[in-house]
Structures are given as C-alpha cells and as structure tokens.
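> My structure is stored as start33.tsv, with TSV, C-alpha atoms.
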chain	number	residue	atom	x	y	z
N	68	MET	CA	75.02	184.57	159.34
N	69	SER	CA	75.78	188.10	158.11
N	70	LYS	CA	75.73	189.82	154.74
N	71	ILE	CA	78.12	191.77	152.56
N	72	THR	CA	77.16	193.73	149.45
N	73	ILE	CA	79.41	194.26	146.44
N	74	GLN	CA	78.18	196.26	143.45
N	75	ASN	CA	74.54	195.74	144.48
N	76	ILE	CA	75.02	191.99	144.83
N	77	ASP	CA	74.06	190.68	148.28
N	78	ILE	CA	76.26	187.85	149.54
N	79	GLU	CA	75.39	185.71	152.55
N	80	LEU	CA	78.49	185.38	154.75
N	81	ILE	CA	78.77	182.28	156.90
N	82	ARG	CA	81.65	181.31	159.17
N	83	LYS	CA	82.21	177.60	159.68
N	84	LYS	CA	84.82	175.19	160.96
N	85	ILE	CA	86.38	174.74	157.52
N	86	LYS	CA	89.81	175.23	155.99
N	87	ASN	CA	88.76	176.18	152.48
N	88	ILE	CA	86.57	178.99	151.19
N	89	HIS	CA	83.35	178.02	149.44
N	90	LEU	CA	81.65	180.55	147.17
N	91	SER	CA	78.32	179.29	145.81
N	92	VAL	CA	75.58	180.58	143.52
N	93	TYR	CA	72.23	178.86	143.97
N	94	PRO	CA	69.13	178.42	141.85
N	95	PRO	CA	66.50	179.48	141.18
N	96	ASP	CA	67.35	183.18	141.45
N	97	GLY	CA	71.16	183.26	141.75
N	98	ARG	CA	71.43	183.60	145.53
N	99	VAL	CA	75.11	183.99	146.53
N	100	ARG	CA	76.65	182.46	149.65
N	101	LEU	CA	80.22	182.70	150.90
N	102	ALA	CA	81.34	180.20	153.53
N	103	VAL	CA	84.68	181.08	155.15
N	104	PRO	CA	86.86	179.80	158.04
N	105	GLN	CA	85.79	181.11	161.44
N	106	HIS	CA	88.85	183.29	161.94
N	107	MET	CA	88.51	185.13	158.60
N	108	ASP	CA	87.36	188.74	159.13
N	109	ASP	CA	84.78	190.63	157.08
N	110	GLU	CA	87.28	192.67	155.12
N	111	ALA	CA	89.24	189.61	154.00
N	112	ALA	CA	85.96	187.95	153.00
N	113	ARG	CA	84.97	191.06	151.06
N	114	VAL	CA	88.32	191.17	149.24
N	115	PHE	CA	87.99	187.51	148.29
N	116	ALA	CA	84.41	187.97	147.04
N	117	PHE	CA	85.44	191.05	145.04
N	118	SER	CA	88.24	189.06	143.39
N	119	LYS	CA	85.61	186.56	142.20
N	120	LEU	CA	83.04	189.17	141.17
N	121	SER	CA	83.24	188.37	137.46
N	122	TRP	CA	82.67	184.67	138.24
N	123	ILE	CA	79.69	185.54	140.46
N	124	LYS	CA	78.09	187.70	137.77
N	125	LYS	CA	78.64	184.99	135.16
N	126	GLN	CA	76.91	182.34	137.27
N	127	LYS	CA	74.03	184.65	138.25
N	128	LYS	CA	73.49	185.46	134.59
N	129	LYS	CA	73.12	181.76	133.81
N	130	TYR	CA	70.17	181.54	136.19
N	131	THR	CA	68.46	184.65	134.86
N	132	THR	CA	68.83	183.61	131.21
N	133	GLN	CA	68.41	179.84	131.38
N	134	GLU	CA	65.22	178.21	130.12
N	135	GLY	CA	63.72	177.74	133.54
N	136	GLN	CA	64.10	181.40	134.51
N	137	SER	CA	63.22	183.17	131.28
N	138	ILE	CA	59.82	184.78	130.79
N	139	ARG	CA	57.41	182.01	129.85
N	140	GLU	CA	54.60	182.47	127.37
N	141	PHE	CA	53.46	178.81	127.30
N	142	VAL	CA	53.25	178.65	123.53
N	143	SER	CA	54.21	175.90	121.11
N	144	GLY	CA	57.95	175.55	120.63
N	145	GLU	CA	59.01	176.55	124.14
N	146	SER	CA	61.35	174.20	125.97
N	147	HIS	CA	60.11	172.83	129.30
N	148	TYR	CA	61.66	170.25	131.60
N	149	PHE	CA	60.16	167.19	133.25
N	150	MET	CA	62.15	164.74	135.37
N	151	GLY	CA	65.43	166.16	134.10
N	152	THR	CA	64.57	165.84	130.41
N	153	GLY	CA	63.82	168.71	128.04
N	154	TYR	CA	60.62	168.65	125.99
N	155	LEU	CA	59.09	170.94	123.39
N	156	LEU	CA	55.74	172.37	124.43
N	157	ASN	CA	52.93	171.76	121.93
N	158	VAL	CA	49.76	173.76	122.68
N	159	ILE	CA	46.58	172.20	121.32
N	160	GLU	CA	43.23	173.93	121.53
N	161	THR	CA	40.37	171.63	122.46
N	162	LYS	CA	36.74	171.75	123.54
N	163	GLY	CA	37.28	168.48	125.37
N	164	LYS	CA	39.14	167.81	128.59
N	165	GLN	CA	42.05	170.12	129.35
N	166	ARG	CA	45.08	167.97	130.06
N	167	VAL	CA	48.82	167.43	129.66
N	168	GLU	CA	50.37	164.45	127.88
N	169	LEU	CA	53.91	163.36	127.02
N	170	ARG	CA	54.44	162.24	123.43
N	171	ASN	CA	57.31	160.45	121.69
N	172	ASN	CA	59.78	161.39	124.46
N	173	LYS	CA	59.97	164.77	122.77
N	174	TYR	CA	56.77	166.75	123.29
N	175	ILE	CA	54.61	167.95	126.14
N	176	ASP	CA	51.14	168.27	124.62
N	177	LEU	CA	49.13	170.90	126.46
N	178	TYR	CA	45.41	170.68	125.66
N	179	VAL	CA	43.66	173.95	126.51
N	180	ARG	CA	40.49	175.88	125.76
N	181	PRO	CA	40.55	178.18	122.70
N	182	GLY	CA	41.77	181.61	123.73
N	183	SER	CA	43.17	180.41	127.05
N	184	THR	CA	45.38	182.90	128.88
N	185	VAL	CA	49.05	182.45	129.75
N	186	GLU	CA	48.07	182.19	133.42
N	187	LYS	CA	45.62	179.37	132.76
N	188	ARG	CA	48.15	177.45	130.66
N	189	GLU	CA	50.78	177.86	133.36
N	190	LYS	CA	48.37	176.71	136.05
N	191	LEU	CA	47.39	173.62	134.07
N	192	LEU	CA	51.03	172.64	133.53
N	193	SER	CA	51.90	173.35	137.18
N	194	GLU	CA	49.06	171.13	138.39
N	195	TRP	CA	50.31	168.39	136.09
N	196	TYR	CA	53.77	168.72	137.63
N	197	ARG	CA	52.22	168.67	141.10
N	198	GLN	CA	50.19	165.53	140.43
N	199	ASN	CA	53.20	163.69	139.03
N	200	LEU	CA	55.19	164.48	142.17
N	201	LYS	CA	52.30	163.37	144.38
N	202	ASP	CA	52.22	160.09	142.46
N	203	MET	CA	55.98	159.53	142.80
N	204	ILE	CA	56.73	160.65	146.35
N	205	PRO	CA	54.82	157.91	148.26
N	206	SER	CA	56.95	155.13	146.77
N	207	TYR	CA	60.13	156.92	147.86
N	208	ILE	CA	58.74	157.49	151.35
N	209	GLN	CA	57.71	153.85	151.72
N	210	LYS	CA	61.09	152.67	150.48
N	211	TRP	CA	63.07	154.84	152.89
N	212	GLU	CA	60.79	154.35	155.89
N	213	LYS	CA	61.84	150.71	155.91
N	214	ILE	CA	65.53	151.53	155.45
N	215	MET	CA	65.73	154.45	157.89
N	216	GLY	CA	63.32	153.21	160.54
N	217	VAL	CA	61.23	156.40	160.59
N	218	THR	CA	57.62	157.21	159.71
N	219	VAL	CA	56.26	160.10	157.66
N	220	ASP	CA	52.67	160.88	158.61
N	221	GLU	CA	52.00	163.41	155.88
N	222	PHE	CA	53.62	165.01	152.83
N	223	GLY	CA	52.77	167.88	150.53
N	224	VAL	CA	53.99	169.67	147.42
N	225	LYS	CA	54.31	173.44	147.15
N	226	LEU	CA	56.37	176.02	145.32
N	227	MET	CA	59.25	177.31	147.46
N	228	LYS	CA	61.71	180.04	146.50
N	229	THR	CA	64.72	179.15	148.65
N	230	ARG	CA	64.33	175.52	149.73
N	231	TRP	CA	63.97	172.22	147.96
N	232	GLY	CA	62.12	170.74	150.92
N	233	THR	CA	61.19	171.18	154.57
N	234	CYS	CA	60.38	168.90	157.48
N	235	ASN	CA	58.09	169.45	160.45
N	236	VAL	CA	59.65	167.02	162.90
N	237	ARG	CA	56.88	167.29	165.48
N	238	ASP	CA	54.10	166.47	163.00
N	239	LYS	CA	56.29	164.13	160.93
N	240	ARG	CA	55.30	166.07	157.81
N	241	ILE	CA	57.53	166.87	154.86
N	242	TRP	CA	57.06	169.38	152.06
N	243	ILE	CA	58.62	168.98	148.62
N	244	ASN	CA	59.33	171.85	146.22
N	245	LEU	CA	57.18	171.77	143.07
N	246	GLU	CA	60.27	172.64	140.99
N	247	LEU	CA	61.64	169.15	141.63
N	248	ALA	CA	59.24	167.88	138.97
N	249	LYS	CA	61.65	169.44	136.48
N	250	LYS	CA	64.73	167.75	137.96
N	251	ALA	CA	66.05	164.21	137.54
N	252	PRO	CA	64.34	161.56	139.73
N	253	ARG	CA	67.54	161.10	141.75
N	254	CYS	CA	67.19	164.71	142.89
N	255	LEU	CA	63.65	164.12	144.11
N	256	GLU	CA	64.71	160.99	145.99
N	257	TYR	CA	67.64	162.86	147.57
N	258	ILE	CA	65.35	165.58	148.92
N	259	VAL	CA	62.91	162.99	150.28
N	260	VAL	CA	65.77	161.22	152.08
N	261	HIS	CA	67.16	164.56	153.29
N	262	GLU	CA	63.87	165.63	154.85
N	263	MET	CA	63.26	162.19	156.36
N	264	ALA	CA	66.75	162.27	157.88
N	265	HIS	CA	65.58	165.25	159.92
N	266	LEU	CA	63.27	162.86	161.76
N	267	LEU	CA	66.50	161.33	163.10
N	268	GLU	CA	68.41	164.59	163.57
N	269	LYS	CA	66.86	168.06	163.41
N	270	ARG	CA	69.99	170.05	162.65
N	271	HIS	CA	72.41	170.00	159.72
N	272	ASN	CA	75.26	168.84	161.92
N	273	ARG	CA	77.81	166.05	161.70
N	274	VAL	CA	75.32	163.48	162.94
N	275	PHE	CA	72.89	164.47	160.19
N	276	LYS	CA	75.60	164.31	157.52
N	277	ASP	CA	76.67	160.89	158.78
N	278	TYR	CA	73.09	159.67	158.40
N	279	MET	CA	72.99	161.02	154.86
N	280	THR	CA	76.26	159.31	153.97
N	281	LYS	CA	75.03	156.07	155.48
N	282	PHE	CA	71.75	156.04	153.60
N	283	LEU	CA	72.73	157.82	150.38
N	284	PRO	CA	76.53	157.73	149.89
N	285	ASN	CA	76.45	159.97	146.78
N	286	TRP	CA	74.24	162.63	148.37
N	287	LYS	CA	76.86	165.36	148.10
N	288	ASN	CA	77.09	164.97	144.33
N	289	ILE	CA	73.32	165.19	143.99
N	290	LYS	CA	73.27	168.21	146.29
N	291	ASP	CA	75.83	169.95	144.06
N	292	GLU	CA	73.70	169.09	141.03
N	293	LEU	CA	70.67	170.73	142.64
N	294	ASN	CA	72.37	173.70	144.24
N	295	GLY	CA	74.20	174.83	141.18
N	296	LEU	CA	77.68	176.21	140.94
N	297	THR	CA	80.38	176.36	143.60
N	298	PHE	CA	83.87	177.83	143.56
N	299	GLU	CA	86.24	176.43	146.17
N	300	SER	CA	89.56	177.99	147.10
N	301	SER	CA	92.20	176.40	149.33
N	302	LYS	CA	95.03	178.71	148.23
N	303	TRP	CA	93.64	182.06	149.30
N	304	SER	CA	95.82	183.76	151.90
N	305	TYR	CA	94.48	186.33	154.37
Spell out the structure here as structure tokens.


Amino acid sequence: MSKITIQNIDIELIRKKIKNIHLSVYPPDGRVRLAVPQHMDDEAARVFAFSKLSWIKKQKKKYTTQEGQSIREFVSGESHYFMGTGYLLNVIETKGKQRVELRNNKYIDLYVRPGSTVEKREKLLSEWYRQNLKDMIPSYIQKWEKIMGVTVDEFGVKLMKTRWGTCNVRDKRIWINLELAKKAPRCLEYIVVHEMAHLLEKRHNRVFKDYMTKFLPNWKNIKDELNGLTFESSKWSY
C-alpha cells in the first residue's frame, strides 16, 4: 500500500486484481482509500482522485459534521445513538446512584452528580455502552461457534480508531470496537462473525470471503453500511 496526497488530503492507494476503481471514505474520521487495478500507475490514480476531489471533500465533511463526530458537551437535548437508533440525552442530577436508562424509546436518561464534568458524563455513558456490548456479544459468539465450528476463548471491548474489530488467532481472542454500541445490531453481529471467520482463515483472501458469504450472505451490504461511502467507476480510461 502506498499514499498519494491531493490538497492536503492523504489517500491510501491500493492495487488489487480488480477491473473497476473503488474510491471510499471511511468513518469515523473520513479516511480515504483508493483501490485501483494492478496495472494502473500512480499518475493515472492521482488524476482520477483529483477528478473526484469535490466528492471526497463532501463525504469527509459529512463525517466531521455529523452527530457522532461533532464536539459533545453531554447536556440535555443532544442527540446520541444506541443500537442504530437516535435518542435525546436527558441529564438528571442525582445524589443517588449514577446510571444510564432508556425511556419511552426516545430518551437516554443520564443520572449524574450535581456539577459533574463533561469528562465524567462521557465516561459514564461510555461505560454504559461498553456494558451493553459485553451483555450482547456472548450470545452472538455462542450462536456462531455452533454454526462455524470454531471456539472463541476470550473477547473484549475497546475503542479503536481504524478498525471495527480484531482477532488474535493464536489466543482465540477477539476485540470489538466500542463504537458498535451506536450501530444497528446487525452490524455488531457482522463484526463478530468477521472476526470469528479469521479463526478459519487469517487473511482477507478469497477463502475468507467465501466463508463470509457462506455464513452471512448479506455481509457485503452490512460492510458498506459500516464503512460509509464508496464511489465505483468502471468507465474510467487510463
């Protein structure tokens, strides 16, 4: 993998055995990747990327201005997501137990100490997200262990900037991105299956993709949902 830069925008350049050009912008920070046929040279790739510069900027702007990426103050009225659904945050000061509760399919009630800081409110909400994922993930693992014929010895949840999940094949341990608590349940299940599939095939090769198609036929659609926006060109000449 190499890199090209256009107007201060870094673009990952990958050559693959493909016929079409795939230009993608990924969450959470608008990372840009350009996948091109193996015989396409750097200059042709640069010209193509430059021709789509306005599209790239538009998609990157969506990630920097959308709810999930704006500066959060964790005050009442903010919009926050849980399992793919948007809720209004309702901050309630309490001398009792600090906690998070869903109410009326509309509100996330955040009970905090009087005068609590933004950092403490964020931490409380993040731990609530983390606990929900830890409660949900085991059922997915158990379901797919039986279907896939593999065993996961350990799992964890942590915040990751560039990956939705990882798998340590040797230790049979998978890690799930904390941000998946904000996505639809099908996205969480897809990542669990994806990481478990690495216990059958380490690399993202044809064998791996065949496993994914066998176990989760609509995995590509869910991947697109997670990974954001992609422009595909089959008419570009170079």

> Residues around (63.1, 174.1, 152.6), cut-off 10 Å, counting only C-alpha atoms - what are they as a PyMOL selection string?

chain N and resi 227-234+241-244+258+262

> What would the file look like if the residues just selected were written as a compact mmCIF listing (two decimals), in the coordinates of the input with C-alpha atoms?


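Written file, selection-v2.txt:
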# COMPACT_ATOMS: atom_id res chain seq x y z
CA MET N 227 59.25 177.31 147.46
CA LYS N 228 61.71 180.04 146.50
CA THR N 229 64.72 179.15 148.65
CA ARG N 230 64.33 175.52 149.73
CA TRP N 231 63.97 172.22 147.96
CA GLY N 232 62.12 170.74 150.92
CA THR N 233 61.19 171.18 154.57
CA CYS N 234 60.38 168.90 157.48
CA ILE N 241 57.53 166.87 154.86
CA TRP N 242 57.06 169.38 152.06
CA ILE N 243 58.62 168.98 148.62
CA ASN N 244 59.33 171.85 146.22
CA ILE N 258 65.35 165.58 148.92
CA GLU N 262 63.87 165.63 154.85

> Take CA of Lys239 (chain N) and CA of Phe149 (chain N) and report the distance between them in Å, one decimal.

28.1 Å

> What are the nearest atom pairs, with distances in Å to one decimal, for all residues of region 199-226 of chain N that come at most 10 Å from region 278-282 of chain N, using only C-alpha atoms, set out by chain and rising residue number as JSON lines?


{"residue": "N:Trp211", "atom": "CA", "partner": "N:Phe282", "partner_atom": "CA", "distance": 8.8}
{"residue": "N:Ile214", "atom": "CA", "partner": "N:Phe282", "partner_atom": "CA", "distance": 7.9}
{"residue": "N:Met215", "atom": "CA", "partner": "N:Phe282", "partner_atom": "CA", "distance": 7.6}

> Kindly provide, as an NGL selection string, the polymer residues lying within 9 Å of (88.5, 174.3, 163.1), counting all atoms listed in the file and using the coordinates exactly as they appear in the file.

:N and (83-86 or 104-105)

> Interatomic distance between CA of Ala116 (chain N) and CA of Met68 (chain N)?

15.8 Å

> Contacts of Val99 (chain N) at 6 Å or less, counting all atoms listed in the file, minus same-chain residues fewer than 4 places along, as a VMD selection string?

chain N and resid 78 91 to 92

> Suppose you want the space between CA of Val142 (chain N) and CA of Arg197 (chain N); what is it in Å?

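CA of Arg197 (chain N) lies 20.2 Å from CA of Val142 (chain N).
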
> Restricting the calculation to all atoms listed in the file, which member of N:Arg188, N:Arg180, N:His261, N:His106 is positioned closest to Thr161 (chain N)?

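With all atoms listed in the file as the atom set, the closest residue is N:Arg180.
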
> Compile the contact shell of Asn171 (chain N) as an MDAnalysis selection string: residues with an atom at most 12 Å away, counting all atoms listed in the file, same-chain residues fewer than 5 positions apart removed.

chainID N and resid 154:155 176

> Those selected residues, please, written with C-alpha atoms and delivered as a short mmCIF file (atom, residue, chain, number, x, y, z; two decimals), in the frame of the given file.


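Contents of out-v3.cif, as written:
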data_model
loop_
_atom_site.label_atom_id
_atom_site.label_comp_id
_atom_site.auth_asym_id
_atom_site.auth_seq_id
_atom_site.Cartn_x
_atom_site.Cartn_y
_atom_site.Cartn_z
CA TYR N 154 60.62 168.65 125.99
CA LEU N 155 59.09 170.94 123.39
CA ASP N 176 51.14 168.27 124.62
#

> Applying 12 Å and all atoms listed in the file, which residues near Ser193 (chain N) remain after dropping the ones on its own chain fewer than 4 positions away? List them as an mmCIF file with C-alpha atoms, keeping the file's coordinate frame.


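Written output follows (around-v8.cif):
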data_model
loop_
_atom_site.group_PDB
_atom_site.id
_atom_site.type_symbol
_atom_site.label_atom_id
_atom_site.label_comp_id
_atom_site.auth_asym_id
_atom_site.auth_seq_id
_atom_site.Cartn_x
_atom_site.Cartn_y
_atom_site.Cartn_z
ATOM 1 C CA PHE N 141 53.460 178.810 127.300
ATOM 2 C CA HIS N 147 60.110 172.830 129.300
ATOM 3 C CA TYR N 148 61.660 170.250 131.600
ATOM 4 C CA PHE N 149 60.160 167.190 133.250
ATOM 5 C CA ARG N 166 45.080 167.970 130.060
ATOM 6 C CA VAL N 167 48.820 167.430 129.660
ATOM 7 C CA LEU N 177 49.130 170.900 126.460
ATOM 8 C CA GLU N 186 48.070 182.190 133.420
ATOM 9 C CA LYS N 187 45.620 179.370 132.760
ATOM 10 C CA ARG N 188 48.150 177.450 130.660
ATOM 11 C CA GLU N 189 50.780 177.860 133.360
ATOM 12 C CA ARG N 197 52.220 168.670 141.100
ATOM 13 C CA GLN N 198 50.190 165.530 140.430
ATOM 14 C CA ASN N 199 53.200 163.690 139.030
ATOM 15 C CA LEU N 200 55.190 164.480 142.170
ATOM 16 C CA VAL N 224 53.990 169.670 147.420
ATOM 17 C CA LYS N 225 54.310 173.440 147.150
ATOM 18 C CA LEU N 226 56.370 176.020 145.320
ATOM 19 C CA ASN N 244 59.330 171.850 146.220
ATOM 20 C CA LEU N 245 57.180 171.770 143.070
ATOM 21 C CA GLU N 246 60.270 172.640 140.990
ATOM 22 C CA LEU N 247 61.640 169.150 141.630
ATOM 23 C CA ALA N 248 59.240 167.880 138.970
ATOM 24 C CA LYS N 249 61.650 169.440 136.480
#

> Which residue, N:Lys287, N:Gly97, N:Glu292, N:Lys250, has the smallest gap to Lys129 (chain N) when you use only C-alpha atoms?

N:Gly97
